[in-house]
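Inspection log for the structure reproduced underneath, given as structure tokens.
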Amino acid sequence: MTRQRVLSGIQTTGNLHLGNYLGAIRNWVEAQSQYDNFFFLADLHAITVPHDPKTLAQDTATIAALYLACGLDLQYSTIFVQSQVPAHTEFAWLLSCITPLNWLEDMIQFKEKAVKQGQEVGTGLLTYPVLMASDILLYEPDKVPVGEDQKQHLELTRDLVDRFNHKFATPKAPILKRPDPLIRAEGARVMSLTDGARKMSKSDPSELSRINLLDPPDLIRTKVKKCKTDPIKGLVFDDPARLSATICSPCI
């Protein structure tokens with residue numbers, strides 16, 4: 001029996017952190033023998049936000065090595081660099097020509113990142129969900145692993161499949177395959193060490209906010225010791241303000 005196909009990838013800016021491992025890579029490794037897997041290094045997505053071109057190639061190679069070090073087996077998984085397959089950008093252009101502008105303007109991640117970047121925000125940040133749809137649809141996967149922050153992007157992909165097939169195909173002979181989300185019953189949500197209300201992120205300017213997979217033990221101990229566990233400074237007992245405050249402790 002043919003195994004179902006799974007596709008996923010991670011942006012190649014910065015180092016992978018504990019959240020990337022527990023929320024994605026660990027799950028890929030545990031289930032890889034059950035599927036036909038394609039895991040890519042999303043270097044084209046990485047350039048939609050401010051980055052250092054001098055380190056992007058090295059970061060891409062480092063993350064590829066981390067994929068293997070974490071346990072991805074080439075017997076079950078194909079690992080590749082997004083930019084080395086021209087069809088990704090070629091298909092993204094075709095899809096962008098049928099994507100309504102308001103669909104992209106409504107994407108939550110675009111709204112959040114556009115506020116941070118201000119007047120420096122690039123068109124690529126607006127259109128990168130179309131590139132993500134291209135990444136997915138080129139490989140005709142049955143399942144796409146998604147977390148909370150990527151559900152909207154997969155829904156856009158599924159909507160584009162319906163729109164494309166309605167325009168250029170028939171119900172009996174669709175051209176594009178509609179993928180299903182692969183959502184774990186139990187998923188790790190690792191919070192920032194400096195802000196317990198936000199997820200651990202590679203884009204956070206503070207290195208103290210995350211534990212990188214390549215951090216040495218001494219640095220990890222330092223980050224944990226400086227981890228924010230209480231929104232109120234000082235050691236005071238039986239303080240009503242402290243008791244009623246929301247505790248911002250990073251957790252899994």
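Simple scheme: letters A, B, ... for chains in structure tokens order, numbers from 1 for residues in each chain, numbers from 1 for ligands in the order shown.
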Can you list, as number ranges by chain, every protein, DNA or RNA residue that comes within 8 Å of A:Met200 when you count only C-alpha atoms, leaving out same-chain residues fewer than 3 positions away? A: 17, 19, 190-193, 204, 209-210
Could you write those residues out with C-alpha atoms, as an mmCIF file, in the first residue's frame?
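The result, written out as part.cif:
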```cif
data_model
loop_
_atom_site.group_PDB
_atom_site.id
_atom_site.type_symbol
_atom_site.label_atom_id
_atom_site.label_comp_id
_atom_site.auth_asym_id
_atom_site.auth_seq_id
_atom_site.Cartn_x
_atom_site.Cartn_y
_atom_site.Cartn_z
ATOM 1 C CA HIS A 17 15.322 26.577 19.121
ATOM 2 C CA GLY A 19 10.168 25.275 20.323
ATOM 3 C CA VAL A 190 7.043 26.494 24.224
ATOM 4 C CA MET A 191 6.807 30.054 25.454
ATOM 5 C CA SER A 192 9.396 32.835 25.368
ATOM 6 C CA LEU A 193 11.763 32.975 28.345
ATOM 7 C CA ASP A 204 12.741 37.823 18.755
ATOM 8 C CA SER A 209 14.106 34.732 24.945
ATOM 9 C CA ARG A 210 14.897 31.269 23.570
#
```
Leaving out stretch 87-96 of chain A and any residue of its chain fewer than 4 positions from it, which residues lie within 7 Å of it when counting only C-alpha atoms, given as a ChimeraX atom specification? /A:130-131,134-135
Distance query A:Asp159 at most 12 Å, only C-alpha atoms, self and fewer than 4 positions along chain excluded, as JSON, numbers by chain: {"A": [95, 98, 99, 100, 103, 129, 130, 133, 137, 152, 153, 154, 155, 163, 164, 165, 166, 176, 177, 178, 179, 180]}
What does the file look like for those residues with N, CA and C atoms, as a compact mmCIF listing (two decimals), in the first residue's frame?
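Output saved as again-v8.txt:
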```txt
# COMPACT_ATOMS: atom_id res chain seq x y z
N LEU A 95 -0.10 31.13 -9.17
CA LEU A 95 -1.13 31.18 -8.13
C LEU A 95 -1.46 32.61 -7.73
N ILE A 98 -4.32 34.42 -9.45
CA ILE A 98 -5.73 34.11 -9.17
C ILE A 98 -6.07 34.34 -7.69
N THR A 99 -5.12 34.92 -6.94
CA THR A 99 -5.34 35.14 -5.50
C THR A 99 -5.90 36.53 -5.26
N PRO A 100 -7.10 36.66 -4.71
CA PRO A 100 -7.66 37.98 -4.40
C PRO A 100 -6.78 38.72 -3.38
N TRP A 103 -7.65 38.54 0.36
CA TRP A 103 -7.33 37.31 1.08
C TRP A 103 -5.98 37.45 1.79
N PRO A 129 2.31 33.89 1.68
CA PRO A 129 1.39 32.76 1.80
C PRO A 129 1.10 32.09 0.46
N VAL A 130 1.21 32.84 -0.65
CA VAL A 130 1.04 32.24 -1.97
C VAL A 130 2.23 31.34 -2.29
N ALA A 133 1.72 28.22 -0.42
CA ALA A 133 0.77 27.35 -1.12
C ALA A 133 1.46 26.62 -2.27
N LEU A 137 1.58 22.58 -2.80
CA LEU A 137 0.83 21.96 -3.90
C LEU A 137 1.72 21.30 -4.94
N GLN A 152 -4.14 29.24 9.35
CA GLN A 152 -4.75 30.15 8.39
C GLN A 152 -4.08 30.03 7.02
N HIS A 153 -2.76 29.80 7.01
CA HIS A 153 -2.05 29.66 5.74
C HIS A 153 -2.49 28.40 5.01
N LEU A 154 -2.70 27.32 5.72
CA LEU A 154 -3.15 26.09 5.07
C LEU A 154 -4.57 26.25 4.55
N GLU A 155 -5.40 26.98 5.27
CA GLU A 155 -6.76 27.22 4.79
C GLU A 155 -6.73 28.04 3.51
N ARG A 163 -10.37 27.32 -5.84
CA ARG A 163 -10.52 28.39 -6.82
C ARG A 163 -9.87 28.00 -8.16
N PHE A 164 -8.68 27.43 -8.08
CA PHE A 164 -7.96 27.02 -9.30
C PHE A 164 -8.73 25.92 -10.04
N ASN A 165 -9.17 24.91 -9.31
CA ASN A 165 -9.89 23.80 -9.95
C ASN A 165 -11.22 24.25 -10.52
N HIS A 166 -11.88 25.20 -9.86
CA HIS A 166 -13.15 25.72 -10.36
C HIS A 166 -12.95 26.45 -11.69
N LEU A 176 -5.36 20.34 -9.12
CA LEU A 176 -4.61 20.46 -7.87
C LEU A 176 -5.23 19.57 -6.79
N LYS A 177 -4.38 18.99 -5.97
CA LYS A 177 -4.82 18.11 -4.89
C LYS A 177 -4.98 18.90 -3.60
N ARG A 178 -6.12 18.74 -2.94
CA ARG A 178 -6.43 19.50 -1.71
C ARG A 178 -5.84 18.77 -0.51
N PRO A 179 -4.84 19.36 0.17
CA PRO A 179 -4.21 18.67 1.30
C PRO A 179 -5.02 18.84 2.59
N ASP A 180 -4.84 17.90 3.49
CA ASP A 180 -5.48 17.97 4.80
C ASP A 180 -4.46 18.37 5.86
```
Applying 8 Å and only C-alpha atoms, which residues near A:Leu41 remain after dropping the ones on its own chain fewer than 3 positions away? List them as a PyMOL selection string. chain A and resi 9-12+60+63-64+79-82
For N, CA and C atoms, I'd like the residues from the last selection saved as a tab-separated table (two decimals), in the first residue's frame.
```tsv
chain	number	residue	atom	x	y	z
A	9	GLY	N	8.33	22.45	6.32
A	9	GLY	CA	9.62	23.14	6.26
A	9	GLY	C	9.74	24.20	7.34
A	10	ILE	N	10.96	24.70	7.52
A	10	ILE	CA	11.24	25.73	8.53
A	10	ILE	C	12.09	26.81	7.89
A	11	GLN	N	11.79	28.06	8.21
A	11	GLN	CA	12.60	29.18	7.71
A	11	GLN	C	14.04	29.05	8.18
A	12	THR	N	14.97	29.48	7.34
A	12	THR	CA	16.39	29.28	7.64
A	12	THR	C	17.08	30.54	8.16
A	60	THR	N	21.33	28.10	6.43
A	60	THR	CA	20.61	27.05	5.70
A	60	THR	C	21.34	25.71	5.84
A	63	ILE	N	20.99	24.38	9.50
A	63	ILE	CA	19.68	23.79	9.80
A	63	ILE	C	19.50	22.45	9.09
A	64	ALA	N	20.06	22.31	7.89
A	64	ALA	CA	20.02	21.02	7.21
A	64	ALA	C	20.75	19.97	8.05
A	79	ILE	N	15.12	15.68	1.94
A	79	ILE	CA	15.42	17.00	2.49
A	79	ILE	C	16.01	17.85	1.36
A	80	PHE	N	15.48	19.05	1.17
A	80	PHE	CA	15.98	19.88	0.07
A	80	PHE	C	15.86	21.37	0.42
A	81	VAL	N	16.59	22.19	-0.34
A	81	VAL	CA	16.58	23.65	-0.16
A	81	VAL	C	15.56	24.25	-1.12
A	82	GLN	N	14.66	25.03	-0.59
A	82	GLN	CA	13.55	25.60	-1.37
A	82	GLN	C	14.02	26.34	-2.62
```
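Proximity ranking of A:Leu208, A:Val146, A:Ile175, A:Leu104 relative to A:Gly23 places A:Val146 first, based on only C-alpha atoms.
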Would you list, as an MDAnalysis selection string, the residues of stretch 49-135 of chain A that end up in strand (DSSP E or B) under DSSP run on this structure's backbone? chainID A and resid 77:81
